[in-house]
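Below is one structure, written out as structure tokens; comments come after it.
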Amino acid sequence: MNEFRHLEWGVTIAAAQTEGAHDKDGKGPSIWDTFTQKSRKIKDGSDIKEATDFYHRFKEDIDLTIDIGLKIFRFSISWPRILPEGTGKINQKGIEFYNQVIDYCLLVGVEPWITTYHWDLPQKLEDKGGWTNREIIDWYKEYVQVLRDHFADRVKNWILINEGIVCLGGGYFLGVHAPGRRGIRNFVSSTHHLLLAQAIGFKELKKKNELRVGTAISCTKIEPYRNTSADRKAANRIDTLMNRLFIEPHLGLGYPDDDLPILKRISRYYKIGDIEALKTDFDFWGIQTYTREVIKAAWYIPYMGALPIKPKKRKIPVSIMGWETYSQGTQYFLERFSAYDPEKPLWLSECGMALSEKEDDQARIEYYQNVIEGMKLVLKKGVNLKGILLWTLLDNFEWAEGFVPKFGIISLNRKTMQRKMKKSAFWLKKYLSNIKL
Ligand code: GCO
């Protein structure tokens with residue numbers, strides 16, 4: 001059985017949210033560059049031209065990571081920084097940048113982890129249909145091969161695609177994230193292609209069999225509003241969408257379309273052998289969870305027949321994200337995923353809490369204390385939990401919400417780009433130094 005003191009601790013960041021340098025050194029535009037510059041869908045009107053300037057300040061951020069006592073630095077690669085056109089010609093300056101990040105991590109004693117895709121698709125590929133075009137399976141395969149050939153000599157832990165449901169739900173179904181597309185057709189086709197791409201990406205990376213390759217799954221605790229059959233069924237449909245769709249096909253269970261019939265439309269995009277090809281025995285699963293939704297049956301909502309009841313209406317305090325902060329979700333999902341396969345190594349590969357500029361950071365400390373209690377409990381129950389990666393190091397660009405929600409344990413002055421440890425970072429530093437004793 002794993003012991004709490006053996007858990008590994010680290011942090012997660014993502015390229016589009018932090019790097020900036022959006023057109024520097026040969027980088028091509030991503031869908032998030034386009035979306036932030038052209039759409040009016042970012043609440044504070046911000047763009048990501050500079051973000052947190054990680055591109056120029058990565059050493060400082062890695063130094064802060066090690067100073068706090070965090071030993072894993074998970075970052076994502078910007079696909080258009082490596083392949084500005086999406087495929088074909090490699091941008092050597094992009095390769096050099098990530099080489100520097102990796103080498104600096106290793107130099108100071110932090111383990112680099114790579115996320116291959118955290119939502120910043122090359123715009124050039126979106127122009128050809130993006131995830132709705134089945135050719136993306138080959139595009140992604142080529143990209144993953146490039147990453148493997150350049151970085152796998154030093155990076156041993158890889159996460160393929162970060163949170164398929166949020167990426168496609170926001171970007172291809174609801175239109176609130178880049179590239180801003182909507183509709184069920186876009187959603188079901190892109191889902192099938194993304195899962196197939198991920199399965200193929202896994203095989204490519206495992207050609208180096210010493211690599212540990214996993215995926216990161218967004219999980220949201222779902223509950224029915226009333227204890228009626230209609231609400232329970234509606235909650236089950238949303239749970240299927242949010243918590244099962246992006247893992248069960250990889251487990252060989254097929255698409256969970258009995259519980260969410262609209263998913264039957266995915267079969268329109270099947271080719272012979274697809275369902276078999278989706279099966280993927282990841283080396284680990286990353287669980288990422290933040291909030292809970294309470295669901296009411298609503299016949300008038302297309303496809304889902306379900307409506308989330310806002311926390312305010314349930315008289316529950318919300319974070320600046322408008323979310324109920326739900327630290328108990330970590331324990332719940334670790335146990336639930338462990339039930340699929342008790343042997344499978346699990347990581348809490350993201351968890352965190354957003355506060356506003358003015359709110360007291362003490363709430364974040366309490367949030368992480370609750371998460372820690374949950375981790376201790378699941379370990380006692382024999383869950384094969386390996387470690388935790390916090391979301392996130394620095395306040396950064398929170399997608400459609402812009403820079404207003406603050407998820408970092410370190411604050412950022414966006415004028416001076418100065419970084420400053422918050423109370424929660426000091427607390428964590430002390431906490432980590434004590435568990436290692
Ligand atoms: C996500 C992403 C992060 C977010 C974080 C807070 O899962 O949405 O991995 O990029 O910033 O989850 O919303």
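Going by the structure tokens order, chains are called A, B, ..., each with residues numbered from 1, while ligands are numbered from 1 in the order shown.
Summary of the local environment: counting only C-alpha atoms, residues at most 8 Å from Val383 in chain A, other than itself and those fewer than 3 positions away along its chain, are Leu334, Glu335, Ser338, Pro342, Val378, Leu379 and Lys380 of chain A.
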Give me a file of those residues, with C-alpha atoms, as a PDB file, in the first residue's frame.
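Just written: result.pdb:
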```
ATOM      1  CA  LEU A 334      -9.997   8.656  -7.002  1.00  0.00           C
ATOM      2  CA  GLU A 335     -12.167   5.901  -5.535  1.00  0.00           C
ATOM      3  CA  SER A 338      -9.855   2.941  -8.849  1.00  0.00           C
ATOM      4  CA  PRO A 342      -7.543  -1.083  -8.690  1.00  0.00           C
ATOM      5  CA  VAL A 378      -8.190   6.952  -0.254  1.00  0.00           C
ATOM      6  CA  LEU A 379      -4.700   5.661   0.451  1.00  0.00           C
ATOM      7  CA  LYS A 380      -6.057   3.869   3.525  1.00  0.00           C
TER       8      LYS A 380
END
```
- request: If you run DSSP over the backbone, which residues in range 226-391 of chain A end up strand (DSSP E)? Put them as an NGL selection string.
  value: :A and (284-297 or 306-309 or 346-350 or 385-390)
List every residue of range 46-155 of chain A that has an atom at most 10 Å from any atom of range 173-187 of chain A, and for each one report the closest atom pair and its distance in Å to one decimal, counting only C-alpha atoms, with rows sorted by chain and then by increasing residue number, as CSV.
```
residue,atom,partner,partner_atom,distance
A:Trp119,CA,A:Ala178,CA,8.2
A:Asp120,CA,A:Ala178,CA,8.3
A:Leu121,CA,A:Pro179,CA,8.8
A:Gln123,CA,A:Pro179,CA,8.7
A:Glu126,CA,A:Pro179,CA,7.6
A:Asp127,CA,A:Pro179,CA,10.0
A:Gly129,CA,A:Asn186,CA,9.5
A:Gly130,CA,A:Pro179,CA,8.8
A:Trp131,CA,A:Asn186,CA,8.3
A:Thr132,CA,A:Asn186,CA,6.0
A:Asn133,CA,A:Asn186,CA,9.6
```
message: Could you go through range 286-421 of chain A and tell me which residues DSSP, when run on the backbone, assigns to alpha helix (DSSP H), listing them as a ChimeraX atom specification?
response: /A:328-340,362-380
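Candidate residues A:Ile372, A:Ile66, A:Leu346, A:Leu196 were compared for distance to Lys271 in chain A, and the nearest is A:Leu196, using only C-alpha atoms.
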Per-residue nearest contacts chain A to ligand 1, cut-off 9 Å, using only C-alpha atoms and all ligand atoms, as a Markdown table:
```
| residue | atom | partner | partner_atom_place_in_ligand_line | distance |
| --- | --- | --- | --- | --- |
| A:Thr12 | CA | ligand 1 | 9 (O) | 8.2 |
| A:Ile13 | CA | ligand 1 | 10 (O) | 7.3 |
| A:Ala14 | CA | ligand 1 | 10 (O) | 6.2 |
| A:Ala16 | CA | ligand 1 | 10 (O) | 8.6 |
| A:Gln17 | CA | ligand 1 | 10 (O) | 7.1 |
| A:His118 | CA | ligand 1 | 9 (O) | 7.0 |
| A:Trp119 | CA | ligand 1 | 10 (O) | 8.5 |
| A:Asn162 | CA | ligand 1 | 9 (O) | 6.2 |
| A:Glu163 | CA | ligand 1 | 7 (O) | 5.9 |
| A:Val166 | CA | ligand 1 | 8 (O) | 6.5 |
| A:Cys167 | CA | ligand 1 | 8 (O) | 8.0 |
| A:Ala216 | CA | ligand 1 | 9 (O) | 8.4 |
| A:Ile217 | CA | ligand 1 | 7 (O) | 8.3 |
| A:Ser218 | CA | ligand 1 | 7 (O) | 6.3 |
| A:Gln288 | CA | ligand 1 | 7 (O) | 6.8 |
| A:Thr289 | CA | ligand 1 | 12 (O) | 7.7 |
| A:Tyr290 | CA | ligand 1 | 12 (O) | 7.4 |
| A:Met321 | CA | ligand 1 | 13 (O) | 8.0 |
| A:Glu350 | CA | ligand 1 | 9 (O) | 7.0 |
| A:Cys351 | CA | ligand 1 | 12 (O) | 7.4 |
| A:Gly352 | CA | ligand 1 | 6 (C) | 7.4 |
| A:Met353 | CA | ligand 1 | 6 (C) | 7.8 |
| A:Ala354 | CA | ligand 1 | 6 (C) | 7.7 |
| A:Trp391 | CA | ligand 1 | 5 (C) | 6.5 |
| A:Thr392 | CA | ligand 1 | 11 (O) | 8.0 |
| A:Asn396 | CA | ligand 1 | 11 (O) | 8.0 |
| A:Phe397 | CA | ligand 1 | 11 (O) | 7.4 |
| A:Glu398 | CA | ligand 1 | 11 (O) | 5.1 |
| A:Trp399 | CA | ligand 1 | 11 (O) | 6.9 |
| A:Pro405 | CA | ligand 1 | 6 (C) | 8.9 |
| A:Phe407 | CA | ligand 1 | 6 (C) | 7.1 |
```
message: Just want the 9 Å neighbourhood of Gly69 in chain A, counted on only C-alpha atoms, with same-chain residues fewer than 3 positions away dropped. Output as a PyMOL selection string.
response: chain A and resi 9-10+64-66+428-430+432-433
message: Just want the 9 Å neighbourhood of range 87-97 of chain A, counted on only C-alpha atoms, with same-chain residues fewer than 6 positions away dropped. Output as a list in words.
response: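 So, after excluding close chain neighbours, the residues are Asp25, Gly26, Lys27, Tyr55, Ser78, Pro80, Arg81, Leu125, Trp139, Tyr140, Glu142, Tyr143, Val146, Leu147, His150 and Phe151 of chain A.
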Please dump the current selection as a compact mmCIF listing (two decimals), in the first residue's frame; keep N, CA and C atoms.
```
# COMPACT_ATOMS: atom_id res chain seq x y z
N ASP A 25 10.09 33.98 -32.52
CA ASP A 25 10.98 32.87 -32.89
C ASP A 25 10.30 31.80 -33.72
N GLY A 26 9.46 32.23 -34.63
CA GLY A 26 8.90 31.29 -35.60
C GLY A 26 7.64 30.57 -35.17
N LYS A 27 7.09 30.92 -34.01
CA LYS A 27 5.85 30.24 -33.59
C LYS A 27 4.70 30.61 -34.54
N TYR A 55 7.77 32.27 -21.39
CA TYR A 55 8.77 32.08 -22.45
C TYR A 55 10.11 32.70 -22.06
N SER A 78 3.42 23.84 -26.88
CA SER A 78 2.56 24.51 -27.85
C SER A 78 2.83 23.88 -29.22
N PRO A 80 1.87 24.70 -32.25
CA PRO A 80 2.34 25.60 -33.32
C PRO A 80 3.70 26.25 -33.05
N ARG A 81 4.24 26.08 -31.83
CA ARG A 81 5.61 26.57 -31.62
C ARG A 81 6.61 25.54 -32.20
N LEU A 125 -4.30 24.10 -38.81
CA LEU A 125 -5.04 22.84 -38.81
C LEU A 125 -6.53 23.08 -38.59
N TRP A 139 -2.11 14.00 -38.26
CA TRP A 139 -1.39 15.23 -37.87
C TRP A 139 -0.86 15.10 -36.44
N TYR A 140 -1.73 14.61 -35.58
CA TYR A 140 -1.32 14.49 -34.17
C TYR A 140 -0.21 13.44 -34.02
N GLU A 142 2.07 12.65 -36.17
CA GLU A 142 3.34 13.25 -36.62
C GLU A 142 3.91 14.17 -35.53
N TYR A 143 3.04 14.97 -34.96
CA TYR A 143 3.46 15.91 -33.90
C TYR A 143 4.05 15.14 -32.70
N VAL A 146 7.47 13.88 -33.37
CA VAL A 146 8.48 14.94 -33.26
C VAL A 146 8.84 15.16 -31.79
N LEU A 147 7.82 15.22 -30.94
CA LEU A 147 8.09 15.43 -29.51
C LEU A 147 8.91 14.28 -28.94
N HIS A 150 12.56 14.35 -29.97
CA HIS A 150 13.40 15.44 -29.42
C HIS A 150 13.48 15.46 -27.90
N PHE A 151 12.44 14.97 -27.22
CA PHE A 151 12.41 15.18 -25.77
C PHE A 151 12.39 13.91 -24.92
```
- prompt: Which of these, A:Pro122, A:Glu85, A:Val108, A:Asp258, has the shortest distance to Asp33 in chain A once you count only C-alpha atoms?
  reply: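 Ranked by minimum distance to Asp33 in chain A, first place goes to A:Pro122.
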- request: Work out how far CA of Leu393 in chain A is from CA of Gly201 in chain A, in Å to one decimal.
  value: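 Straight-line distance from CA of Gly201 in chain A to CA of Leu393 in chain A works out to 27.5 Å.
Checking A:Ser411, A:Ser349, A:Thr34, A:Thr18 one by one against Phe284 in chain A, counting only C-alpha atoms, you find the shortest gap at A:Ser349.
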- prompt: Which residues, written as a PyMOL selection string, have at least one atom at most 9 Å from Gly374 in chain A, with only C-alpha atoms counted and residues fewer than 5 positions away on the same chain left out?
  reply: chain A and resi 327-332+369+379
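Residue nearest Leu241 in chain A, chosen from A:Tyr255, A:Tyr431, A:Trp113, A:Tyr340 and counting only C-alpha atoms: A:Tyr255.
Computed from the coordinates, the CA of Ser356 in chain A to CA of Glu401 in chain A distance equals 11.7 Å.
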query: Which residue, A:Lys420, A:Lys71, A:Lys59, A:Lys41, has the smallest gap to Leu389 in chain A when you use only C-alpha atoms?
result: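 With only C-alpha atoms as the atom set, the closest residue is A:Lys71.
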